[in-house]
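structure_18.tsv (TSV, N, CA and C atoms)
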```
chain	number	residue	atom	x	y	z
A	236	MET	N	0.83	-1.19	0.00
A	236	MET	CA	0.00	0.00	0.00
A	236	MET	C	0.87	1.25	0.00
A	237	ILE	N	1.82	1.30	0.92
A	237	ILE	CA	2.71	2.46	0.98
A	237	ILE	C	3.52	2.56	-0.30
A	238	TYR	N	3.95	1.41	-0.83
A	238	TYR	CA	4.73	1.40	-2.07
A	238	TYR	C	3.91	2.01	-3.21
A	239	ARG	N	2.64	1.65	-3.32
A	239	ARG	CA	1.78	2.20	-4.37
A	239	ARG	C	1.63	3.70	-4.23
A	240	MET	N	1.46	4.16	-2.98
A	240	MET	CA	1.30	5.59	-2.75
A	240	MET	C	2.57	6.34	-3.15
A	241	LEU	N	3.72	5.83	-2.75
A	241	LEU	CA	4.99	6.46	-3.10
A	241	LEU	C	5.22	6.45	-4.61
A	242	LEU	N	4.87	5.33	-5.26
A	242	LEU	CA	5.01	5.25	-6.71
A	242	LEU	C	4.10	6.27	-7.38
A	243	GLY	N	2.88	6.41	-6.90
A	243	GLY	CA	1.96	7.39	-7.46
A	243	GLY	C	2.48	8.80	-7.31
A	244	LEU	N	3.04	9.11	-6.14
A	244	LEU	CA	3.60	10.44	-5.92
A	244	LEU	C	4.81	10.69	-6.80
A	245	THR	N	5.62	9.66	-7.01
A	245	THR	CA	6.78	9.79	-7.88
A	245	THR	C	6.36	10.07	-9.31
A	246	VAL	N	5.38	9.30	-9.81
A	246	VAL	CA	4.88	9.50	-11.16
A	246	VAL	C	4.26	10.89	-11.29
A	247	SER	N	3.47	11.30	-10.29
A	247	SER	CA	2.88	12.64	-10.32
A	247	SER	C	3.96	13.70	-10.36
A	248	GLY	N	4.98	13.52	-9.58
A	248	GLY	CA	6.07	14.48	-9.57
A	248	GLY	C	6.79	14.54	-10.90
A	249	ALA	N	6.99	13.38	-11.52
A	249	ALA	CA	7.65	13.36	-12.83
A	249	ALA	C	6.81	14.05	-13.89
A	250	LEU	N	5.51	13.81	-13.86
A	250	LEU	CA	4.63	14.46	-14.81
A	250	LEU	C	4.56	15.97	-14.56
A	251	ALA	N	4.55	16.33	-13.30
A	251	ALA	CA	4.42	17.74	-12.96
A	251	ALA	C	5.71	18.51	-13.17
A	252	GLY	N	6.82	17.83	-13.23
A	252	GLY	CA	8.10	18.49	-13.32
A	252	GLY	C	8.27	19.39	-14.52
A	253	CYS	N	7.54	19.19	-15.57
A	253	CYS	CA	7.70	19.95	-16.80
A	253	CYS	C	6.76	21.13	-16.91
A	254	GLN	N	5.82	21.26	-16.03
A	254	GLN	CA	4.76	22.24	-16.20
A	254	GLN	C	4.92	23.44	-15.27
A	255	SER	N	4.92	24.61	-15.84
A	255	SER	CA	4.82	25.83	-15.05
A	255	SER	C	3.38	26.31	-15.18
A	256	PRO	N	2.93	27.18	-14.27
A	256	PRO	CA	1.57	27.70	-14.44
A	256	PRO	C	1.37	28.37	-15.80
A	257	GLY	N	2.40	29.02	-16.32
A	257	GLY	CA	2.29	29.65	-17.64
A	257	GLY	C	2.09	28.64	-18.75
A	258	GLN	N	2.83	27.52	-18.69
A	258	GLN	CA	2.69	26.47	-19.70
A	258	GLN	C	1.31	25.83	-19.60
A	259	LEU	N	0.83	25.65	-18.39
A	259	LEU	CA	-0.48	25.04	-18.18
A	259	LEU	C	-1.58	25.90	-18.78
A	260	ALA	N	-1.44	27.22	-18.67
A	260	ALA	CA	-2.46	28.13	-19.20
A	260	ALA	C	-2.59	28.03	-20.71
A	261	GLN	N	-1.59	27.50	-21.38
A	261	GLN	CA	-1.63	27.37	-22.84
A	261	GLN	C	-2.31	26.08	-23.29
A	262	LYS	N	-2.56	25.17	-22.38
A	262	LYS	CA	-3.23	23.91	-22.73
A	262	LYS	C	-4.73	24.13	-22.88
A	263	GLY	N	-5.36	23.26	-23.65
A	263	GLY	CA	-6.81	23.31	-23.76
A	263	GLY	C	-7.44	22.88	-22.44
A	264	PRO	N	-8.61	23.43	-22.11
A	264	PRO	CA	-9.24	23.08	-20.84
A	264	PRO	C	-9.72	21.63	-20.82
A	265	ALA	N	-9.61	21.01	-19.64
A	265	ALA	CA	-10.15	19.66	-19.45
A	265	ALA	C	-11.67	19.72	-19.37
A	266	TRP	N	-12.19	20.79	-18.78
A	266	TRP	CA	-13.64	20.99	-18.69
A	266	TRP	C	-13.94	22.45	-18.36
A	267	ASN	N	-15.19	22.84	-18.58
A	267	ASN	CA	-15.69	24.12	-18.09
A	267	ASN	C	-17.15	23.94	-17.71
A	268	ALA	N	-17.60	24.78	-16.79
A	268	ALA	CA	-18.97	24.68	-16.28
A	268	ALA	C	-19.41	26.06	-15.81
A	269	VAL	N	-20.73	26.26	-15.72
A	269	VAL	CA	-21.30	27.52	-15.28
A	269	VAL	C	-22.12	27.27	-14.01
A	270	TYR	N	-21.93	28.16	-13.03
A	270	TYR	CA	-22.62	28.05	-11.74
A	270	TYR	C	-23.26	29.39	-11.39
A	271	GLN	N	-24.28	29.35	-10.57
A	271	GLN	CA	-24.95	30.57	-10.11
A	271	GLN	C	-24.44	30.92	-8.71
A	272	VAL	N	-23.15	31.26	-8.67
A	272	VAL	CA	-22.46	31.64	-7.44
A	272	VAL	C	-21.51	32.78	-7.81
A	273	PRO	N	-21.35	33.79	-6.97
A	273	PRO	CA	-20.39	34.86	-7.27
A	273	PRO	C	-18.96	34.31	-7.41
A	274	TYR	N	-18.20	34.90	-8.32
A	274	TYR	CA	-16.87	34.38	-8.63
A	274	TYR	C	-15.93	34.36	-7.42
A	275	GLU	N	-16.00	35.37	-6.55
A	275	GLU	CA	-15.12	35.41	-5.38
A	275	GLU	C	-15.41	34.25	-4.43
A	276	ARG	N	-16.69	33.99	-4.19
A	276	ARG	CA	-17.07	32.88	-3.32
A	276	ARG	C	-16.64	31.55	-3.93
A	277	MET	N	-16.80	31.43	-5.24
A	277	MET	CA	-16.39	30.21	-5.94
A	277	MET	C	-14.88	30.00	-5.79
A	278	ALA	N	-14.10	31.03	-6.02
A	278	ALA	CA	-12.64	30.93	-5.93
A	278	ALA	C	-12.19	30.56	-4.52
A	279	ASN	N	-12.76	31.20	-3.52
A	279	ASN	CA	-12.39	30.90	-2.14
A	279	ASN	C	-12.76	29.48	-1.73
A	280	CYS	N	-13.92	29.03	-2.16
A	280	CYS	CA	-14.37	27.68	-1.85
A	280	CYS	C	-13.46	26.64	-2.51
A	281	ILE	N	-13.16	26.83	-3.79
A	281	ILE	CA	-12.27	25.90	-4.50
A	281	ILE	C	-10.90	25.86	-3.83
A	282	ALA	N	-10.37	27.02	-3.50
A	282	ALA	CA	-9.05	27.08	-2.84
A	282	ALA	C	-9.08	26.31	-1.53
A	283	ASP	N	-10.14	26.46	-0.75
A	283	ASP	CA	-10.25	25.72	0.52
A	283	ASP	C	-10.29	24.22	0.30
A	284	LEU	N	-11.04	23.77	-0.71
A	284	LEU	CA	-11.16	22.33	-0.97
A	284	LEU	C	-9.88	21.73	-1.55
A	285	GLU	N	-9.09	22.51	-2.26
A	285	GLU	CA	-7.87	22.01	-2.89
A	285	GLU	C	-6.68	21.93	-1.93
A	286	ARG	N	-6.72	22.68	-0.84
A	286	ARG	CA	-5.58	22.68	0.09
A	286	ARG	C	-5.37	21.30	0.68
A	287	GLY	N	-4.11	20.91	0.78
A	287	GLY	CA	-3.77	19.61	1.36
A	287	GLY	C	-2.28	19.51	1.57
A	288	PRO	N	-1.84	18.41	2.17
A	288	PRO	CA	-0.42	18.26	2.48
A	288	PRO	C	0.48	18.13	1.25
A	289	MET	N	-0.07	17.70	0.13
A	289	MET	CA	0.74	17.49	-1.07
A	289	MET	C	0.46	18.52	-2.16
A	290	ALA	N	-0.20	19.61	-1.79
A	290	ALA	CA	-0.52	20.64	-2.78
A	290	ALA	C	-0.44	22.02	-2.16
A	291	THR	N	0.06	22.95	-2.93
A	291	THR	CA	0.04	24.35	-2.56
A	291	THR	C	-1.00	25.03	-3.45
A	292	VAL	N	-1.83	25.83	-2.84
A	292	VAL	CA	-2.92	26.48	-3.57
A	292	VAL	C	-2.71	27.99	-3.52
A	293	THR	N	-2.74	28.60	-4.69
A	293	THR	CA	-2.55	30.04	-4.79
A	293	THR	C	-3.75	30.68	-5.48
A	294	PRO	N	-4.66	31.27	-4.69
A	294	PRO	CA	-5.78	31.98	-5.31
A	294	PRO	C	-5.40	33.43	-5.60
A	295	SER	N	-5.86	33.93	-6.72
A	295	SER	CA	-5.67	35.33	-7.10
A	295	SER	C	-7.02	35.89	-7.53
A	296	ILE	N	-7.41	37.01	-6.92
A	296	ILE	CA	-8.69	37.65	-7.23
A	296	ILE	C	-8.40	38.93	-8.00
A	297	TYR	N	-9.07	39.11	-9.13
A	297	TYR	CA	-8.94	40.32	-9.96
A	297	TYR	C	-10.30	41.01	-9.99
A	298	SER	N	-10.55	41.82	-8.96
A	298	SER	CA	-11.86	42.44	-8.76
A	298	SER	C	-12.29	43.32	-9.93
A	299	GLN	N	-11.38	44.09	-10.48
A	299	GLN	CA	-11.73	44.99	-11.58
A	299	GLN	C	-12.25	44.22	-12.79
A	300	GLU	N	-11.72	43.02	-13.00
A	300	GLU	CA	-12.11	42.20	-14.15
A	300	GLU	C	-13.19	41.18	-13.80
A	301	ARG	N	-13.58	41.14	-12.53
A	301	ARG	CA	-14.56	40.16	-12.03
A	301	ARG	C	-14.16	38.74	-12.39
A	302	ARG	N	-12.92	38.40	-12.04
A	302	ARG	CA	-12.43	37.05	-12.30
A	302	ARG	C	-11.43	36.66	-11.23
A	303	ALA	N	-11.12	35.37	-11.20
A	303	ALA	CA	-10.15	34.83	-10.25
A	303	ALA	C	-9.41	33.68	-10.90
A	304	ARG	N	-8.31	33.33	-10.30
A	304	ARG	CA	-7.50	32.20	-10.78
A	304	ARG	C	-7.02	31.45	-9.55
A	305	VAL	N	-7.16	30.14	-9.57
A	305	VAL	CA	-6.68	29.30	-8.48
A	305	VAL	C	-5.71	28.30	-9.10
A	306	VAL	N	-4.45	28.37	-8.69
A	306	VAL	CA	-3.42	27.48	-9.21
A	306	VAL	C	-3.05	26.48	-8.12
A	307	VAL	N	-3.02	25.20	-8.49
A	307	VAL	CA	-2.65	24.13	-7.58
A	307	VAL	C	-1.30	23.59	-8.03
A	308	THR	N	-0.31	23.62	-7.12
A	308	THR	CA	1.03	23.16	-7.46
A	308	THR	C	1.49	22.05	-6.52
A	309	ALA	N	2.42	21.27	-7.02
A	309	ALA	CA	3.06	20.22	-6.23
A	309	ALA	C	4.07	20.86	-5.28
A	310	PRO	N	4.55	20.12	-4.30
A	310	PRO	CA	5.56	20.67	-3.39
A	310	PRO	C	6.80	21.19	-4.11
A	311	THR	N	7.07	20.67	-5.29
A	311	THR	CA	8.23	21.11	-6.09
A	311	THR	C	7.98	22.44	-6.78
A	312	GLY	N	6.73	22.92	-6.79
A	312	GLY	CA	6.39	24.16	-7.46
A	312	GLY	C	5.83	23.96	-8.85
A	313	SER	N	5.79	22.74	-9.33
A	313	SER	CA	5.24	22.45	-10.65
A	313	SER	C	3.72	22.49	-10.61
A	314	ALA	N	3.13	23.07	-11.62
A	314	ALA	CA	1.67	23.20	-11.68
A	314	ALA	C	1.01	21.84	-11.90
A	315	LEU	N	-0.05	21.59	-11.16
A	315	LEU	CA	-0.87	20.38	-11.33
A	315	LEU	C	-2.18	20.71	-12.03
A	316	GLY	N	-2.75	21.85	-11.68
A	316	GLY	CA	-4.02	22.25	-12.27
A	316	GLY	C	-4.28	23.72	-12.03
A	317	GLU	N	-5.20	24.26	-12.83
A	317	GLU	CA	-5.50	25.68	-12.74
A	317	GLU	C	-6.98	25.90	-13.03
A	318	TYR	N	-7.63	26.64	-12.15
A	318	TYR	CA	-9.01	27.04	-12.33
A	318	TYR	C	-9.03	28.50	-12.77
A	319	ASP	N	-9.69	28.80	-13.87
A	319	ASP	CA	-9.96	30.17	-14.27
A	319	ASP	C	-11.44	30.40	-14.00
A	320	ILE	N	-11.73	31.41	-13.20
A	320	ILE	CA	-13.09	31.66	-12.73
A	320	ILE	C	-13.46	33.09	-13.11
A	321	ARG	N	-14.58	33.26	-13.81
A	321	ARG	CA	-14.97	34.62	-14.18
A	321	ARG	C	-16.48	34.78	-14.14
A	322	GLN	N	-16.89	35.94	-13.69
A	322	GLN	CA	-18.30	36.30	-13.64
A	322	GLN	C	-18.72	36.64	-15.06
A	323	ILE	N	-19.71	35.92	-15.60
A	323	ILE	CA	-20.12	36.16	-16.98
A	323	ILE	C	-21.46	36.89	-17.09
A	324	SER	N	-22.16	36.99	-15.97
A	324	SER	CA	-23.41	37.78	-15.92
A	324	SER	C	-23.67	38.13	-14.46
A	325	ALA	N	-24.77	38.80	-14.22
A	325	ALA	CA	-25.10	39.17	-12.84
A	325	ALA	C	-25.27	37.94	-11.95
A	326	ARG	N	-25.66	36.82	-12.54
A	326	ARG	CA	-25.92	35.60	-11.76
A	326	ARG	C	-24.93	34.49	-12.01
A	327	ASP	N	-24.27	34.46	-13.15
A	327	ASP	CA	-23.50	33.28	-13.55
A	327	ASP	C	-21.99	33.49	-13.49
A	328	THR	N	-21.32	32.43	-13.06
A	328	THR	CA	-19.86	32.37	-13.02
A	328	THR	C	-19.41	31.16	-13.82
A	329	GLU	N	-18.46	31.36	-14.72
A	329	GLU	CA	-17.90	30.27	-15.51
A	329	GLU	C	-16.58	29.83	-14.90
A	330	VAL	N	-16.41	28.52	-14.79
A	330	VAL	CA	-15.16	27.94	-14.29
A	330	VAL	C	-14.57	27.08	-15.40
A	331	THR	N	-13.32	27.33	-15.71
A	331	THR	CA	-12.58	26.55	-16.70
A	331	THR	C	-11.39	25.92	-15.98
A	332	TYR	N	-11.17	24.63	-16.19
A	332	TYR	CA	-10.09	23.92	-15.50
A	332	TYR	C	-9.11	23.31	-16.51
A	333	ARG	N	-7.83	23.53	-16.25
A	333	ARG	CA	-6.75	22.93	-17.04
A	333	ARG	C	-5.93	22.04	-16.12
A	334	SER	N	-5.48	20.91	-16.66
A	334	SER	CA	-4.74	19.94	-15.86
A	334	SER	C	-3.52	19.45	-16.61
A	335	ILE	N	-2.47	19.07	-15.88
A	335	ILE	CA	-1.30	18.48	-16.52
A	335	ILE	C	-1.63	17.11	-17.10
A	336	TYR	N	-2.71	16.52	-16.62
A	336	TYR	CA	-3.03	15.15	-17.01
A	336	TYR	C	-3.80	15.04	-18.31
A	337	GLY	N	-4.16	16.14	-18.95
A	337	GLY	CA	-4.85	16.05	-20.23
A	337	GLY	C	-5.80	17.19	-20.48
A	338	GLY	N	-6.20	17.30	-21.72
A	338	GLY	CA	-7.10	18.36	-22.15
A	338	GLY	C	-8.49	17.85	-22.42
A	339	PRO	N	-9.18	18.47	-23.36
A	339	PRO	CA	-10.57	18.12	-23.67
A	339	PRO	C	-10.75	16.64	-24.00
A	340	GLY	N	-11.77	16.05	-23.42
A	340	GLY	CA	-12.10	14.67	-23.71
A	340	GLY	C	-11.20	13.65	-23.03
A	341	SER	N	-10.25	14.09	-22.21
A	341	SER	CA	-9.31	13.17	-21.59
A	341	SER	C	-9.86	12.56	-20.31
A	342	GLY	N	-10.86	13.17	-19.74
A	342	GLY	CA	-11.37	12.72	-18.44
A	342	GLY	C	-10.54	13.27	-17.30
A	343	ALA	N	-9.51	14.06	-17.60
A	343	ALA	CA	-8.67	14.65	-16.56
A	343	ALA	C	-9.46	15.66	-15.75
A	344	GLY	N	-9.13	15.78	-14.51
A	344	GLY	CA	-9.74	16.80	-13.68
A	344	GLY	C	-11.11	16.45	-13.13
A	345	SER	N	-11.46	15.17	-13.10
A	345	SER	CA	-12.78	14.81	-12.58
A	345	SER	C	-12.89	15.15	-11.09
A	346	GLY	N	-11.80	15.01	-10.34
A	346	GLY	CA	-11.82	15.40	-8.93
A	346	GLY	C	-12.00	16.90	-8.78
A	347	ALA	N	-11.39	17.66	-9.69
A	347	ALA	CA	-11.55	19.11	-9.68
A	347	ALA	C	-12.99	19.50	-10.00
A	348	LEU	N	-13.60	18.80	-10.93
A	348	LEU	CA	-15.00	19.08	-11.28
A	348	LEU	C	-15.91	18.79	-10.09
A	349	GLU	N	-15.65	17.72	-9.36
A	349	GLU	CA	-16.44	17.41	-8.18
A	349	GLU	C	-16.32	18.54	-7.14
A	350	LYS	N	-15.11	19.07	-6.96
A	350	LYS	CA	-14.92	20.16	-6.02
A	350	LYS	C	-15.67	21.42	-6.48
A	351	ALA	N	-15.56	21.74	-7.76
A	351	ALA	CA	-16.28	22.90	-8.29
A	351	ALA	C	-17.79	22.71	-8.14
A	352	ASN	N	-18.27	21.51	-8.38
A	352	ASN	CA	-19.71	21.24	-8.21
A	352	ASN	C	-20.15	21.45	-6.76
A	353	ARG	N	-19.31	21.03	-5.82
A	353	ARG	CA	-19.63	21.22	-4.40
A	353	ARG	C	-19.71	22.72	-4.07
A	354	CYS	N	-18.81	23.50	-4.66
A	354	CYS	CA	-18.80	24.95	-4.40
A	354	CYS	C	-19.92	25.67	-5.13
A	355	GLY	N	-20.24	25.21	-6.31
A	355	GLY	CA	-21.23	25.88	-7.14
A	355	GLY	C	-22.66	25.46	-6.92
A	356	ASN	N	-22.83	24.38	-6.19
A	356	ASN	CA	-24.18	23.88	-5.93
A	356	ASN	C	-24.36	23.70	-4.42
A	357	PRO	N	-24.29	24.80	-3.65
A	357	PRO	CA	-24.39	24.67	-2.19
A	357	PRO	C	-25.73	24.08	-1.77
A	358	ALA	N	-25.67	23.23	-0.78
A	358	ALA	CA	-26.89	22.56	-0.29
A	358	ALA	C	-27.71	23.44	0.61
```
Can you dump the structure from the file as structure tokens?
Amino acid sequence: MIYRMLLGLTVSGALAGCQSPGQLAQKGPAWNAVYQVPYERMANCIADLERGPMATVTPSIYSQERRARVVVTAPTGSALGEYDIRQISARDTEVTYRSIYGGPGSGAGSGALEKANRCGNPA
């Protein structure tokens, strides 16, 4: 069990080693979705859910543009995923997610989508 976990972390680190947040921003999105939640609340919620011992989360809020960006990085500083969050109307916020693990149609970022759904669909 521990061996599998260490192997998974090693593979993740190897994959993440090549990606900077800037390089990740140039990839096609793994998914995008629209929620009826203000962009700031969405960004803060996603940042809270992404925080963990093996990830650093950097949220950036751009109030003038009504958008936010949440970057998730490995302990090495390599980007793992990035959420672009922007208010598209008085009620709607669009979230676009990019991942090192793949772009459109890859199935990458399903855990990220679950987190966004939790933030965007409060009970």
Would you please work out which residue, of A:Val292, A:Ala325, A:Ala347, A:Ala309, is nearest to Pro273 in chain A when using all atoms listed in the file?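 Nearest to Pro273 in chain A: A:Ala325.
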Quick one, how far is CA of Leu315 in chain A from CA of Asp283 in chain A?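 Between CA of Leu315 in chain A and CA of Asp283 in chain A the gap works out to 16.0 Å.
Nearest to Gly337 in chain A of all the residues A:Gly316, A:Tyr297, A:Asn267, A:Arg302 is A:Gly316, counting only C-alpha atoms.
With only C-alpha atoms taken into account, the protein and nucleic acid residues at most 10 Å from Lys350 in chain A (excluding it and anything under 2 positions from it in its own chain) are Cys280, Ile281, Ala282, Asp283, Leu284, Glu285, Gly344, Ser345, Gly346, Ala347, Leu348, Asn352, Arg353, Cys354, Gly355 and Asn356 of chain A.
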If we count only C-alpha atoms and set the cut-off at 10 Å, which residues sit around Ser334 in chain A, ignoring sequence neighbours fewer than 2 positions away in its own chain? Please answer as number ranges by chain. A: 251, 254, 259-260, 262-266, 307, 314-318, 332, 336-339, 341, 343-344, 347
Backbone DSSP call of helix (DSSP H, G or I) for range 316-353 of chain A, listed as a list in words: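 The residues of range 316-353 of chain A classed as helix (DSSP H, G or I) are Ser345, Gly346, Ala347, Leu348, Glu349, Lys350, Ala351, Asn352 and Arg353 of chain A.
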Step one, run DSSP on the backbone; step two, keep only residues of range 313-347 of chain A assigned to strand (DSSP E or B); then write them as a PDB file with N, CA and C atoms, keeping the file's coordinate frame.
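After the write, part04.pdb holds the following:
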```pdb
ATOM      1  N   ALA A 314       3.130  23.070 -11.620  1.00  0.00           N
ATOM      2  CA  ALA A 314       1.670  23.200 -11.680  1.00  0.00           C
ATOM      3  C   ALA A 314       1.010  21.840 -11.900  1.00  0.00           C
ATOM      4  N   LEU A 315      -0.050  21.590 -11.160  1.00  0.00           N
ATOM      5  CA  LEU A 315      -0.870  20.380 -11.330  1.00  0.00           C
ATOM      6  C   LEU A 315      -2.180  20.710 -12.030  1.00  0.00           C
ATOM      7  N   GLY A 316      -2.750  21.850 -11.680  1.00  0.00           N
ATOM      8  CA  GLY A 316      -4.020  22.250 -12.270  1.00  0.00           C
ATOM      9  C   GLY A 316      -4.280  23.720 -12.030  1.00  0.00           C
ATOM     10  N   GLU A 317      -5.200  24.260 -12.830  1.00  0.00           N
ATOM     11  CA  GLU A 317      -5.500  25.680 -12.740  1.00  0.00           C
ATOM     12  C   GLU A 317      -6.980  25.900 -13.030  1.00  0.00           C
ATOM     13  N   TYR A 318      -7.630  26.640 -12.150  1.00  0.00           N
ATOM     14  CA  TYR A 318      -9.010  27.040 -12.330  1.00  0.00           C
ATOM     15  C   TYR A 318      -9.030  28.500 -12.770  1.00  0.00           C
ATOM     16  N   ASP A 319      -9.690  28.800 -13.870  1.00  0.00           N
ATOM     17  CA  ASP A 319      -9.960  30.170 -14.270  1.00  0.00           C
ATOM     18  C   ASP A 319     -11.440  30.400 -14.000  1.00  0.00           C
ATOM     19  N   ILE A 320     -11.730  31.410 -13.200  1.00  0.00           N
ATOM     20  CA  ILE A 320     -13.090  31.660 -12.730  1.00  0.00           C
ATOM     21  C   ILE A 320     -13.460  33.090 -13.110  1.00  0.00           C
ATOM     22  N   ARG A 321     -14.580  33.260 -13.810  1.00  0.00           N
ATOM     23  CA  ARG A 321     -14.970  34.620 -14.180  1.00  0.00           C
ATOM     24  C   ARG A 321     -16.480  34.780 -14.140  1.00  0.00           C
ATOM     25  N   GLN A 322     -16.890  35.940 -13.690  1.00  0.00           N
ATOM     26  CA  GLN A 322     -18.300  36.300 -13.640  1.00  0.00           C
ATOM     27  C   GLN A 322     -18.720  36.640 -15.060  1.00  0.00           C
ATOM     28  N   THR A 328     -21.320  32.430 -13.060  1.00  0.00           N
ATOM     29  CA  THR A 328     -19.860  32.370 -13.020  1.00  0.00           C
ATOM     30  C   THR A 328     -19.410  31.160 -13.820  1.00  0.00           C
ATOM     31  N   GLU A 329     -18.460  31.360 -14.720  1.00  0.00           N
ATOM     32  CA  GLU A 329     -17.900  30.270 -15.510  1.00  0.00           C
ATOM     33  C   GLU A 329     -16.580  29.830 -14.900  1.00  0.00           C
ATOM     34  N   VAL A 330     -16.410  28.520 -14.790  1.00  0.00           N
ATOM     35  CA  VAL A 330     -15.160  27.940 -14.290  1.00  0.00           C
ATOM     36  C   VAL A 330     -14.570  27.080 -15.400  1.00  0.00           C
ATOM     37  N   THR A 331     -13.320  27.330 -15.710  1.00  0.00           N
ATOM     38  CA  THR A 331     -12.580  26.550 -16.700  1.00  0.00           C
ATOM     39  C   THR A 331     -11.390  25.920 -15.980  1.00  0.00           C
ATOM     40  N   TYR A 332     -11.170  24.630 -16.190  1.00  0.00           N
ATOM     41  CA  TYR A 332     -10.090  23.920 -15.500  1.00  0.00           C
ATOM     42  C   TYR A 332      -9.110  23.310 -16.510  1.00  0.00           C
ATOM     43  N   ARG A 333      -7.830  23.530 -16.250  1.00  0.00           N
ATOM     44  CA  ARG A 333      -6.750  22.930 -17.040  1.00  0.00           C
ATOM     45  C   ARG A 333      -5.930  22.040 -16.120  1.00  0.00           C
ATOM     46  N   SER A 334      -5.480  20.910 -16.660  1.00  0.00           N
ATOM     47  CA  SER A 334      -4.740  19.940 -15.860  1.00  0.00           C
ATOM     48  C   SER A 334      -3.520  19.450 -16.610  1.00  0.00           C
ATOM     49  N   GLY A 337      -4.160  16.140 -18.950  1.00  0.00           N
ATOM     50  CA  GLY A 337      -4.850  16.050 -20.230  1.00  0.00           C
ATOM     51  C   GLY A 337      -5.800  17.190 -20.480  1.00  0.00           C
TER      52      GLY A 337
END
```
Atom-to-atom span, atom N of Arg321 in chain A and atom N of Arg286 in chain A, Å: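 According to the coordinates, atom N of Arg321 in chain A and atom N of Arg286 in chain A are separated by 18.5 Å.
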So how far away is CA of Arg276 in chain A from CA of Gly342 in chain A, in Å?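 Here the two named atoms are 25.8 Å from each other.
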Proximity to Ile320 in chain A - best of A:Tyr274, A:Met289, A:Val269, A:Ser298, all atoms listed in the file: A:Tyr274
Considering only C-alpha atoms, state which residue in the set A:Gln271, A:Thr328, A:Asn279, A:Gln322 is at the smallest distance from Gln299 in chain A.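 Closest residue, counting only C-alpha atoms: A:Gln322.
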Non-local contacts of Ala268 in chain A (6 Å; all atoms listed in the file; under 3 positions in same chain excluded) as a list in words: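 After dropping sequence-adjacent residues, the list is Thr328, Glu329, Val330 and Thr331 of chain A.
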Using N, CA and C atoms, can you write the selected residues to a file as a tab-separated table (two decimals), in the frame of the given file?
```tsv
chain	number	residue	atom	x	y	z
A	328	THR	N	-21.32	32.43	-13.06
A	328	THR	CA	-19.86	32.37	-13.02
A	328	THR	C	-19.41	31.16	-13.82
A	329	GLU	N	-18.46	31.36	-14.72
A	329	GLU	CA	-17.90	30.27	-15.51
A	329	GLU	C	-16.58	29.83	-14.90
A	330	VAL	N	-16.41	28.52	-14.79
A	330	VAL	CA	-15.16	27.94	-14.29
A	330	VAL	C	-14.57	27.08	-15.40
A	331	THR	N	-13.32	27.33	-15.71
A	331	THR	CA	-12.58	26.55	-16.70
A	331	THR	C	-11.39	25.92	-15.98
```
With distances taken over only C-alpha atoms, which of A:Met277, A:Val272, A:Ile323, A:Ala290 is nearest to Arg304 in chain A?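 Between A:Met277, A:Val272, A:Ile323, A:Ala290, the residue approaching Arg304 in chain A most closely is A:Met277.
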Point out the residue among A:Thr291, A:Ala278, A:Tyr270, A:Gly340 with the least atom-to-atom distance to Thr311 in chain A, counting only N, CA and C atoms.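 Selected residue with least distance to Thr311 in chain A: A:Thr291.
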